[in-house]
file run.csv (CSV, C-alpha atoms)
chain,number,residue,atom,x,y,z
I,1,MET,CA,0.0,0.0,0.0
I,2,ASN,CA,1.2,3.5,-0.7
I,3,TYR,CA,0.9,5.0,2.8
I,4,ILE,CA,2.3,8.3,1.6
I,5,LYS,CA,-0.6,9.0,-0.7
I,6,LEU,CA,-2.9,8.0,2.2
I,7,MET,CA,-1.4,10.7,4.4
I,8,GLN,CA,-0.7,13.6,2.0
I,9,SER,CA,-4.1,15.2,1.5
I,10,ILE,CA,-4.8,15.3,5.2
I,11,ILE,CA,-1.4,16.8,6.0
I,12,GLU,CA,-1.8,19.4,3.2
I,13,LYS,CA,-5.2,20.4,4.7
I,14,THR,CA,-3.5,20.8,8.1
I,15,GLY,CA,-0.7,22.8,6.4
I,16,ASP,CA,-3.2,25.2,4.9
I,17,LEU,CA,-4.6,25.9,8.3
I,18,VAL,CA,-1.2,26.5,9.8
I,19,VAL,CA,-0.1,28.8,7.1
I,20,SER,CA,-3.3,30.8,7.3
I,21,GLN,CA,-2.5,31.5,11.0
I,22,PHE,CA,1.2,32.2,10.6
I,23,ARG,CA,2.1,35.7,11.9
I,24,GLN,CA,-1.5,36.2,13.0
I,25,ASN,CA,-2.9,36.6,16.5
I,26,ILE,CA,-2.1,33.2,17.9
I,27,GLN,CA,-3.5,32.1,21.3
I,28,ILE,CA,-1.2,30.4,23.7
I,29,SER,CA,-3.8,28.2,25.4
I,30,SER,CA,-1.5,26.4,27.9
I,31,GLN,CA,2.0,26.0,29.0
I,32,ASN,CA,3.6,22.7,30.2
I,33,GLY,CA,7.1,22.8,31.6
I,34,HIS,CA,9.3,24.4,28.9
I,35,GLY,CA,6.8,23.7,26.1
I,36,ILE,CA,4.0,25.9,24.8
I,37,VAL,CA,0.7,25.0,23.1
I,38,THR,CA,-1.3,27.2,20.8
I,39,ASN,CA,-4.8,27.0,19.5
I,40,VAL,CA,-3.3,26.2,16.1
I,41,ASP,CA,-1.4,23.1,17.5
I,42,LEU,CA,-4.7,21.9,19.0
I,43,GLU,CA,-6.8,22.4,15.9
I,44,SER,CA,-4.1,20.9,13.6
I,45,GLN,CA,-3.9,17.8,15.8
I,46,LYS,CA,-7.7,17.4,15.6
I,47,ILE,CA,-7.6,17.5,11.8
I,48,LEU,CA,-4.8,15.0,11.6
I,49,ILE,CA,-6.2,12.5,14.0
I,50,ALA,CA,-9.7,12.6,12.5
I,51,GLY,CA,-8.4,12.3,8.9
I,52,LEU,CA,-5.7,9.7,9.5
I,53,THR,CA,-7.8,7.3,11.6
I,54,GLN,CA,-10.5,7.6,9.0
I,55,VAL,CA,-8.3,6.6,6.0
I,56,LEU,CA,-6.8,3.7,8.1
I,57,PRO,CA,-9.7,2.4,10.2
I,58,GLY,CA,-8.8,0.9,13.5
I,59,SER,CA,-5.5,2.7,13.7
I,60,GLY,CA,-4.3,4.3,16.9
I,61,CYS,CA,-2.4,7.5,17.7
I,62,ILE,CA,0.4,8.8,19.7
I,63,ALA,CA,0.2,12.6,19.6
I,64,GLU,CA,1.9,15.5,21.4
I,65,GLU,CA,-1.1,17.5,22.5
I,66,GLY,CA,-3.7,15.9,24.7
I,67,ASN,CA,-1.8,12.9,26.0
I,68,ILE,CA,-3.3,10.6,23.4
I,69,ALA,CA,-1.5,7.2,23.4
I,70,GLN,CA,-3.5,4.4,21.8
I,71,MET,CA,-1.3,1.6,20.3
I,72,GLN,CA,-2.9,-0.6,17.7
I,73,GLU,CA,-1.5,-2.8,14.9
I,74,PHE,CA,-1.1,0.5,12.9
I,75,THR,CA,-0.3,3.6,15.0
I,76,TRP,CA,0.1,7.2,13.9
I,77,VAL,CA,2.8,9.3,15.6
I,78,ILE,CA,1.8,12.9,15.3
I,79,ASP,CA,3.4,16.3,16.0
I,80,PRO,CA,0.9,18.9,14.7
I,81,ILE,CA,3.5,21.6,14.7
I,82,ASP,CA,7.1,20.8,15.5
I,83,GLY,CA,8.9,24.1,16.3
I,84,THR,CA,5.9,25.8,18.0
I,85,ARG,CA,8.1,28.5,19.5
I,86,ASN,CA,9.4,29.4,16.1
I,87,PHE,CA,5.9,29.5,14.7
I,88,VAL,CA,4.6,31.8,17.5
I,89,ARG,CA,7.5,34.2,16.9
I,90,GLY,CA,6.8,34.3,13.1
I,91,LEU,CA,10.0,32.4,12.3
I,92,PRO,CA,9.4,30.1,9.2
I,93,TYR,CA,11.3,27.1,10.7
I,94,PHE,CA,8.7,24.6,11.7
I,95,CYS,CA,6.9,21.6,10.2
I,96,ILE,CA,4.0,19.1,10.5
I,97,ASN,CA,5.3,15.7,11.4
I,98,VAL,CA,3.6,12.3,10.9
I,99,ALA,CA,4.9,8.8,11.0
I,100,LEU,CA,3.1,5.4,10.8
I,101,MET,CA,4.1,2.4,12.7
I,102,GLN,CA,3.1,-1.2,12.2
I,103,GLN,CA,3.5,-2.8,15.6
I,104,ALA,CA,6.9,-1.4,16.7
I,105,GLU,CA,8.3,-0.8,13.2
I,106,LEU,CA,8.2,2.6,11.4
I,107,ILE,CA,6.9,2.0,7.9
I,108,ALA,CA,6.0,5.5,6.5
I,109,ALA,CA,6.7,9.1,7.3
I,110,ILE,CA,6.1,12.7,6.2
I,111,THR,CA,7.7,15.9,7.4
I,112,TYR,CA,6.0,18.8,5.7
I,113,GLN,CA,7.3,22.4,5.7
I,114,PRO,CA,4.1,24.3,4.7
I,115,ILE,CA,5.8,27.6,4.2
I,116,THR,CA,8.2,26.3,1.6
I,117,LYS,CA,5.9,23.5,0.5
I,118,GLU,CA,8.7,20.9,1.0
I,119,TRP,CA,7.5,17.4,1.3
I,120,PHE,CA,10.0,15.0,2.9
I,121,CYS,CA,8.5,11.5,2.5
I,122,ALA,CA,9.7,8.0,3.2
I,123,GLN,CA,8.3,4.5,3.1
I,124,ARG,CA,10.1,1.5,4.4
I,125,GLY,CA,12.1,-0.2,1.7
I,126,ILE,CA,11.2,2.3,-1.0
I,127,GLY,CA,13.4,5.3,-0.1
I,128,ALA,CA,13.2,8.9,1.0
I,129,PHE,CA,12.2,11.8,-1.1
I,130,LEU,CA,12.1,15.6,-1.1
I,131,ASN,CA,9.1,16.3,-3.3
I,132,GLU,CA,10.0,14.2,-6.4
I,133,ASN,CA,13.7,14.0,-5.7
I,134,SER,CA,15.3,10.9,-4.2
I,135,LEU,CA,17.4,11.6,-1.1
I,136,ASN,CA,20.8,10.1,-0.3
I,137,VAL,CA,23.0,11.1,2.5
I,138,GLN,CA,26.2,12.5,0.9
I,139,GLN,CA,29.7,13.3,2.3
I,140,ARG,CA,29.8,16.9,1.1
I,141,TRP,CA,31.3,17.8,4.5
I,142,LYS,CA,34.7,16.6,3.3
I,143,GLN,CA,34.8,19.6,0.8
I,144,ILE,CA,32.8,22.3,2.5
I,145,GLY,CA,32.9,21.5,6.3
I,146,ILE,CA,30.4,20.1,8.8
I,147,ILE,CA,27.2,21.6,10.0
I,148,MET,CA,26.2,19.8,13.2
I,149,VAL,CA,22.8,20.5,14.7
I,150,VAL,CA,22.6,20.0,18.5
I,151,SER,CA,20.1,20.5,21.4
I,152,ASP,CA,20.2,23.3,23.8
I,153,ALA,CA,21.6,21.0,26.5
I,154,THR,CA,24.5,19.9,24.2
I,155,LEU,CA,25.2,23.6,23.3
I,156,ARG,CA,25.7,24.4,26.9
I,157,ASN,CA,28.3,21.6,27.2
I,158,GLY,CA,31.3,23.7,26.0
I,159,GLN,CA,33.8,21.1,27.0
I,160,PHE,CA,32.3,18.4,24.8
I,161,LEU,CA,31.8,20.8,21.9
I,162,ASN,CA,35.5,21.8,22.1
I,163,LYS,CA,36.4,18.1,21.9
I,164,VAL,CA,34.2,17.7,18.8
I,165,LYS,CA,36.0,20.7,17.2
I,166,GLN,CA,39.4,19.2,18.0
I,167,LEU,CA,38.3,15.8,16.7
I,168,PHE,CA,37.6,17.3,13.3
I,169,LYS,CA,40.4,19.8,13.4
I,170,ASN,CA,42.7,16.7,13.5
I,171,ILE,CA,41.4,15.7,10.1
I,172,GLU,CA,41.4,19.3,8.8
I,173,VAL,CA,37.6,19.7,8.7
I,174,ASP,CA,35.8,22.7,10.0
I,175,VAL,CA,32.6,22.2,12.1
I,176,ARG,CA,29.9,24.7,12.9
I,177,PHE,CA,27.1,24.1,15.5
I,178,ARG,CA,23.4,25.1,15.1
I,179,VAL,CA,20.3,25.1,17.4
I,180,ASN,CA,17.2,25.6,15.2
I,181,GLY,CA,14.3,24.8,17.4
I,182,ALA,CA,12.5,22.2,15.3
I,183,VAL,CA,14.0,18.7,15.7
I,184,ALA,CA,11.8,17.1,13.0
I,185,LEU,CA,12.8,19.6,10.4
I,186,ASP,CA,16.4,19.2,11.4
I,187,LEU,CA,16.2,15.5,10.7
I,188,ALA,CA,14.5,16.0,7.4
I,189,TYR,CA,17.2,18.4,6.2
I,190,THR,CA,19.8,15.9,7.4
I,191,ALA,CA,18.2,13.2,5.3
I,192,ALA,CA,18.5,15.7,2.4
I,193,GLY,CA,22.2,16.4,3.1
I,194,MET,CA,21.6,20.0,4.1
I,195,PHE,CA,22.9,19.2,7.6
I,196,ASP,CA,25.6,16.6,8.1
I,197,VAL,CA,24.8,15.2,11.6
I,198,VAL,CA,22.3,15.9,14.4
I,199,LEU,CA,22.9,15.2,18.1
I,200,PHE,CA,19.8,15.5,20.4
I,201,GLN,CA,18.7,14.5,23.9
I,202,ASN,CA,15.6,14.7,26.1
I,203,LEU,CA,13.3,13.8,23.2
I,204,ALA,CA,9.8,12.6,22.7
I,205,TRP,CA,8.9,10.0,20.1
I,206,TRP,CA,6.7,12.4,18.1
I,207,ASP,CA,9.7,14.7,17.7
I,208,VAL,CA,11.8,12.1,15.9
I,209,ALA,CA,9.8,9.2,14.6
I,210,ALA,CA,9.3,10.5,11.0
I,211,GLY,CA,12.9,11.8,10.8
I,212,VAL,CA,14.3,8.5,11.9
I,213,LEU,CA,12.7,6.7,8.9
I,214,LEU,CA,13.7,9.6,6.6
I,215,VAL,CA,17.4,9.4,7.5
I,216,GLN,CA,17.4,5.6,7.4
I,217,GLU,CA,15.8,5.5,4.0
I,218,ALA,CA,18.3,8.1,2.7
I,219,GLY,CA,21.1,5.8,3.7
I,220,GLY,CA,22.1,7.6,6.9
I,221,TRP,CA,23.0,6.5,10.4
I,222,VAL,CA,20.4,6.6,13.2
I,223,SER,CA,21.0,5.5,16.8
I,224,GLN,CA,21.1,6.5,20.5
I,225,HIS,CA,24.2,8.2,21.7
I,226,ASP,CA,25.5,4.8,22.9
I,227,GLY,CA,25.1,3.4,19.4
I,228,LEU,CA,22.1,1.2,20.2
I,229,ALA,CA,19.0,1.2,18.1
I,230,VAL,CA,16.4,4.0,18.6
I,231,ASN,CA,12.9,3.1,19.8
I,232,GLN,CA,9.8,4.8,21.4
I,233,THR,CA,11.5,5.2,24.8
I,234,SER,CA,14.8,6.5,23.6
I,235,LYS,CA,15.8,9.9,25.0
I,236,THR,CA,19.0,10.5,22.9
I,237,LEU,CA,19.6,10.4,19.2
I,238,ILE,CA,22.4,10.9,16.7
I,239,ALA,CA,21.7,10.8,13.0
I,240,GLY,CA,23.3,11.7,9.7
I,241,ASP,CA,26.4,10.7,7.8
I,242,PRO,CA,27.5,7.3,9.1
I,243,GLN,CA,31.2,8.1,9.3
I,244,LEU,CA,30.6,11.3,11.3
I,245,CYS,CA,28.1,9.5,13.6
I,246,THR,CA,30.6,6.7,14.3
I,247,MET,CA,33.4,9.3,15.2
I,248,ILE,CA,31.1,11.2,17.5
I,249,ILE,CA,29.8,8.1,19.3
I,250,ASN,CA,33.4,7.0,19.9
I,251,LEU,CA,34.1,10.4,21.4
I,252,ILE,CA,31.0,10.2,23.6
I,253,ASN,CA,32.1,6.8,24.9
I,254,GLU,CA,35.5,8.2,25.7
I,255,GLN,CA,33.9,10.8,28.0
I,256,LYS,CA,32.2,8.2,30.1
call {"tool": "encode", "arguments": {"input": "run.csv", "output": "structure tokens"}}
result
Amino acid sequence: MNYIKLMQSIIEKTGDLVVSQFRQNIQISSQNGHGIVTNVDLESQKILIAGLTQVLPGSGCIAEEGNIAQMQEFTWVIDPIDGTRNFVRGLPYFCINVALMQQAELIAAITYQPITKEWFCAQRGIGAFLNENSLNVQQRWKQIGIIMVVSDATLRNGQFLNKVKQLFKNIEVDVRFRVNGAVALDLAYTAAGMFDVVLFQNLAWWDVAAGVLLVQEAGGWVSQHDGLAVNQTSKTLIAGDPQLCTMIINLINEQK
């Protein structure tokens, strides 16, 4: 079955709603810890859950807003707006993020950037695509340097970042660090080779599920910081160029 086609029209409808509210008077309806929730997040999630469970009857959902967690044979993993803080501030770096699991296996994913209309799509065993173009992780960093996306917590660890810089200085490669505020979009851009490697911690499954499949299907590396496979309960993630990921994992292990 072509699960991507099953998902696309519903996600596009959601994207239209999000774009119509971008840089408008957005209501922050609740705040939980360090996260914020807007009326647009909540409405987007309603559209996604209603539409996706209708096109795949009997499917369950794991979604960010509303503590929905209903596992079935097929389960949707939904983040209605990843990068809500960017969205609220009028920064066009956010996305709609949906993955489909069959039992515990990711089988399809879409990360949609509705402002630029970039469709990052993947289906298990078929590949990853940006719109109509096939994605393959490439080693462009050897010629133009490394862009490494990290979490806020990693950015505050200056000692570790200095060791990363030294690691790549030893092979005469420059490395620059970024914190962008939308993990799902970071992973999609990594699958497309726009970023070389991402290093995150303190994650939720809806942040990364779609991106995990995108990077895998683009031929990239995905694991926890210790090198073990990623799953629903994982709190750390490294993904991107396999050679870079291996070098960074070895460095992390040396720090323990």
call {"tool": "closest_residue", "arguments": {"input": "run.csv", "among": "I:Glu73, I:Gly51, I:Thr116, I:Ile26", "to": "Phe87 in chain I", "atoms": "only C-alpha atoms"}}
result
I:Ile26
call {"tool": "atom_distance", "arguments": {"input": "run.csv", "atom1": "CA of Leu244 in chain I", "atom2": "CA of Ala229 in chain I"}}
result
16.8 Å
call {"tool": "closest_residue", "arguments": {"input": "run.csv", "among": "I:Glu12, I:Asp196, I:Asp186, I:Asp226", "to": "Gly240 in chain I", "atoms": "only C-alpha atoms"}}
result
I:Asp196
call {"tool": "closest_residue", "arguments": {"input": "run.csv", "among": "I:Asp82, I:Glu254, I:Glu65, I:Glu217", "to": "Val164 in chain I", "atoms": "all atoms listed in the file"}}
result
I:Glu254
call {"tool": "closest_residue", "arguments": {"input": "run.csv", "among": "I:Gly158, I:Gly58, I:Pro92, I:Pro80", "to": "Phe177 in chain I", "atoms": "all atoms listed in the file"}}
result
I:Gly158
call {"tool": "atom_distance", "arguments": {"input": "run.csv", "atom1": "CA of Ile107 in chain I", "atom2": "CA of Val198 in chain I"}}
result
21.7 Å
call {"tool": "atom_distance", "arguments": {"input": "run.csv", "atom1": "CA of Val88 in chain I", "atom2": "CA of Gln45 in chain I"}}
result
16.5 Å
call {"tool": "residues_around", "arguments": {"input": "run.csv", "residues": "Thr38 in chain I", "least_positions_apart": "4", "cutoff": "8 Å", "atoms": "only C-alpha atoms", "output": "list in words"}}
result
Ile26, Gln27, Ile28, Ser29, Ser30, Leu42 and Thr84 of chain I
call {"tool": "closest_residue", "arguments": {"input": "run.csv", "among": "I:Ala182, I:Ala128, I:Leu199, I:Ile96", "to": "Ala153 in chain I", "atoms": "all atoms listed in the file"}}
result
I:Leu199
call {"tool": "closest_residue", "arguments": {"input": "run.csv", "among": "I:Ala184, I:Leu203, I:Leu155, I:Ile10", "to": "Gly83 in chain I", "atoms": "all atoms listed in the file"}}
result
I:Ala184
call {"tool": "residues_around", "arguments": {"input": "run.csv", "residues": "Asn202 in chain I", "least_positions_apart": "2", "cutoff": "8 Å", "atoms": "only C-alpha atoms", "output": "number ranges by chain"}}
result
I: 200, 204, 235-236
call {"tool": "residues_around", "arguments": {"input": "run.csv", "residues": "Cys245 in chain I", "least_positions_apart": "2", "cutoff": "12 Å", "atoms": "only C-alpha atoms", "output": "ChimeraX atom specification"}}
result
/I:146,148,164,196-199,220-227,237-243,247-252
call {"tool": "decode", "arguments": {"input": "run.csv", "residues": "range 76-105 of chain I", "atoms": "N, CA, C and O atoms", "output": "mmCIF file, in the first residue's frame"}}
result
data_model
loop_
_atom_site.group_PDB
_atom_site.id
_atom_site.type_symbol
_atom_site.label_atom_id
_atom_site.label_comp_id
_atom_site.auth_asym_id
_atom_site.auth_seq_id
_atom_site.Cartn_x
_atom_site.Cartn_y
_atom_site.Cartn_z
ATOM 1 N N TRP I 76 -0.427 5.905 14.339
ATOM 2 C CA TRP I 76 0.108 7.174 13.852
ATOM 3 C C TRP I 76 0.867 7.876 14.962
ATOM 4 O O TRP I 76 0.410 7.892 16.108
ATOM 5 N N VAL I 77 2.005 8.459 14.620
ATOM 6 C CA VAL I 77 2.788 9.253 15.570
ATOM 7 C C VAL I 77 2.780 10.683 15.049
ATOM 8 O O VAL I 77 3.305 10.955 13.968
ATOM 9 N N ILE I 78 2.178 11.586 15.815
ATOM 10 C CA ILE I 78 1.800 12.904 15.287
ATOM 11 C C ILE I 78 2.388 14.035 16.125
ATOM 12 O O ILE I 78 2.234 14.067 17.348
ATOM 13 N N ASP I 79 3.037 14.968 15.454
ATOM 14 C CA ASP I 79 3.379 16.265 16.046
ATOM 15 C C ASP I 79 2.763 17.327 15.140
ATOM 16 O O ASP I 79 3.247 17.545 14.024
ATOM 17 N N PRO I 80 1.667 17.967 15.578
ATOM 18 C CA PRO I 80 0.930 18.863 14.676
ATOM 19 C C PRO I 80 1.742 20.074 14.222
ATOM 20 O O PRO I 80 1.595 20.534 13.094
ATOM 21 N N ILE I 81 2.582 20.609 15.113
ATOM 22 C CA ILE I 81 3.550 21.646 14.731
ATOM 23 C C ILE I 81 4.828 21.385 15.521
ATOM 24 O O ILE I 81 4.849 21.588 16.743
ATOM 25 N N ASP I 82 5.852 20.942 14.852
ATOM 26 C CA ASP I 82 7.149 20.829 15.514
ATOM 27 C C ASP I 82 7.885 22.144 15.271
ATOM 28 O O ASP I 82 8.069 22.567 14.132
ATOM 29 N N GLY I 83 8.302 22.774 16.375
ATOM 30 C CA GLY I 83 8.877 24.114 16.269
ATOM 31 C C GLY I 83 7.854 25.181 16.613
ATOM 32 O O GLY I 83 7.826 26.259 16.007
ATOM 33 N N THR I 84 7.012 24.891 17.620
ATOM 34 C CA THR I 84 5.936 25.825 17.981
ATOM 35 C C THR I 84 6.478 27.195 18.386
ATOM 36 O O THR I 84 5.893 28.223 18.041
ATOM 37 N N ARG I 85 7.578 27.226 19.108
ATOM 38 C CA ARG I 85 8.136 28.527 19.511
ATOM 39 C C ARG I 85 8.518 29.362 18.289
ATOM 40 O O ARG I 85 8.310 30.579 18.258
ATOM 41 N N ASN I 86 9.104 28.723 17.294
ATOM 42 C CA ASN I 86 9.421 29.445 16.057
ATOM 43 C C ASN I 86 8.153 29.965 15.395
ATOM 44 O O ASN I 86 8.089 31.107 14.929
ATOM 45 N N PHE I 87 7.132 29.093 15.331
ATOM 46 C CA PHE I 87 5.858 29.457 14.718
ATOM 47 C C PHE I 87 5.239 30.667 15.408
ATOM 48 O O PHE I 87 4.792 31.628 14.751
ATOM 49 N N VAL I 88 5.228 30.661 16.736
ATOM 50 C CA VAL I 88 4.638 31.752 17.510
ATOM 51 C C VAL I 88 5.373 33.066 17.253
ATOM 52 O O VAL I 88 4.755 34.132 17.183
ATOM 53 N N ARG I 89 6.669 32.989 17.092
ATOM 54 C CA ARG I 89 7.472 34.200 16.885
ATOM 55 C C ARG I 89 7.502 34.658 15.421
ATOM 56 O O ARG I 89 8.130 35.665 15.093
ATOM 57 N N GLY I 90 6.854 33.903 14.552
ATOM 58 C CA GLY I 90 6.837 34.289 13.145
ATOM 59 C C GLY I 90 8.068 33.854 12.384
ATOM 60 O O GLY I 90 8.342 34.366 11.291
ATOM 61 N N LEU I 91 8.810 32.898 12.940
ATOM 62 C CA LEU I 91 9.995 32.372 12.259
ATOM 63 C C LEU I 91 9.584 31.173 11.406
ATOM 64 O O LEU I 91 8.988 30.216 11.931
ATOM 65 N N PRO I 92 9.884 31.153 10.124
ATOM 66 C CA PRO I 92 9.400 30.087 9.236
ATOM 67 C C PRO I 92 10.243 28.815 9.289
ATOM 68 O O PRO I 92 10.618 28.263 8.266
ATOM 69 N N TYR I 93 10.534 28.363 10.515
ATOM 70 C CA TYR I 93 11.283 27.111 10.676
ATOM 71 C C TYR I 93 10.473 26.202 11.601
ATOM 72 O O TYR I 93 10.666 26.135 12.815
ATOM 73 N N PHE I 94 9.525 25.503 11.000
ATOM 74 C CA PHE I 94 8.658 24.575 11.717
ATOM 75 C C PHE I 94 8.082 23.616 10.694
ATOM 76 O O PHE I 94 8.243 23.800 9.473
ATOM 77 N N CYS I 95 7.405 22.587 11.158
ATOM 78 C CA CYS I 95 6.864 21.592 10.221
ATOM 79 C C CYS I 95 5.735 20.812 10.865
ATOM 80 O O CYS I 95 5.510 20.882 12.074
ATOM 81 N N ILE I 96 5.030 20.071 10.031
ATOM 82 C CA ILE I 96 4.031 19.093 10.466
ATOM 83 C C ILE I 96 4.668 17.721 10.302
ATOM 84 O O ILE I 96 5.250 17.421 9.259
ATOM 85 N N ASN I 97 4.540 16.906 11.330
ATOM 86 C CA ASN I 97 5.341 15.688 11.400
ATOM 87 C C ASN I 97 4.445 14.484 11.688
ATOM 88 O O ASN I 97 3.789 14.431 12.729
ATOM 89 N N VAL I 98 4.409 13.518 10.764
ATOM 90 C CA VAL I 98 3.560 12.332 10.939
ATOM 91 C C VAL I 98 4.329 11.090 10.515
ATOM 92 O O VAL I 98 4.936 11.052 9.435
ATOM 93 N N ALA I 99 4.316 10.079 11.368
ATOM 94 C CA ALA I 99 4.888 8.779 11.026
ATOM 95 C C ALA I 99 3.831 7.707 11.254
ATOM 96 O O ALA I 99 2.886 7.890 12.034
ATOM 97 N N LEU I 100 3.980 6.579 10.579
ATOM 98 C CA LEU I 100 3.091 5.431 10.750
ATOM 99 C C LEU I 100 3.911 4.232 11.177
ATOM 100 O O LEU I 100 4.929 3.906 10.551
ATOM 101 N N MET I 101 3.467 3.593 12.258
ATOM 102 C CA MET I 101 4.105 2.373 12.749
ATOM 103 C C MET I 101 3.185 1.180 12.520
ATOM 104 O O MET I 101 1.967 1.289 12.680
ATOM 105 N N GLN I 102 3.786 0.055 12.169
ATOM 106 C CA GLN I 102 3.083 -1.221 12.183
ATOM 107 C C GLN I 102 3.726 -2.046 13.284
ATOM 108 O O GLN I 102 4.899 -2.405 13.195
ATOM 109 N N GLN I 103 2.956 -2.296 14.337
ATOM 110 C CA GLN I 103 3.524 -2.819 15.571
ATOM 111 C C GLN I 103 4.607 -1.850 16.043
ATOM 112 O O GLN I 103 4.340 -0.682 16.229
ATOM 113 N N ALA I 104 5.848 -2.295 16.180
ATOM 114 C CA ALA I 104 6.909 -1.411 16.677
ATOM 115 C C ALA I 104 7.786 -0.866 15.555
ATOM 116 O O ALA I 104 8.766 -0.173 15.824
ATOM 117 N N GLU I 105 7.439 -1.165 14.293
ATOM 118 C CA GLU I 105 8.297 -0.767 13.178
ATOM 119 C C GLU I 105 7.742 0.451 12.458
ATOM 120 O O GLU I 105 6.561 0.516 12.112
#
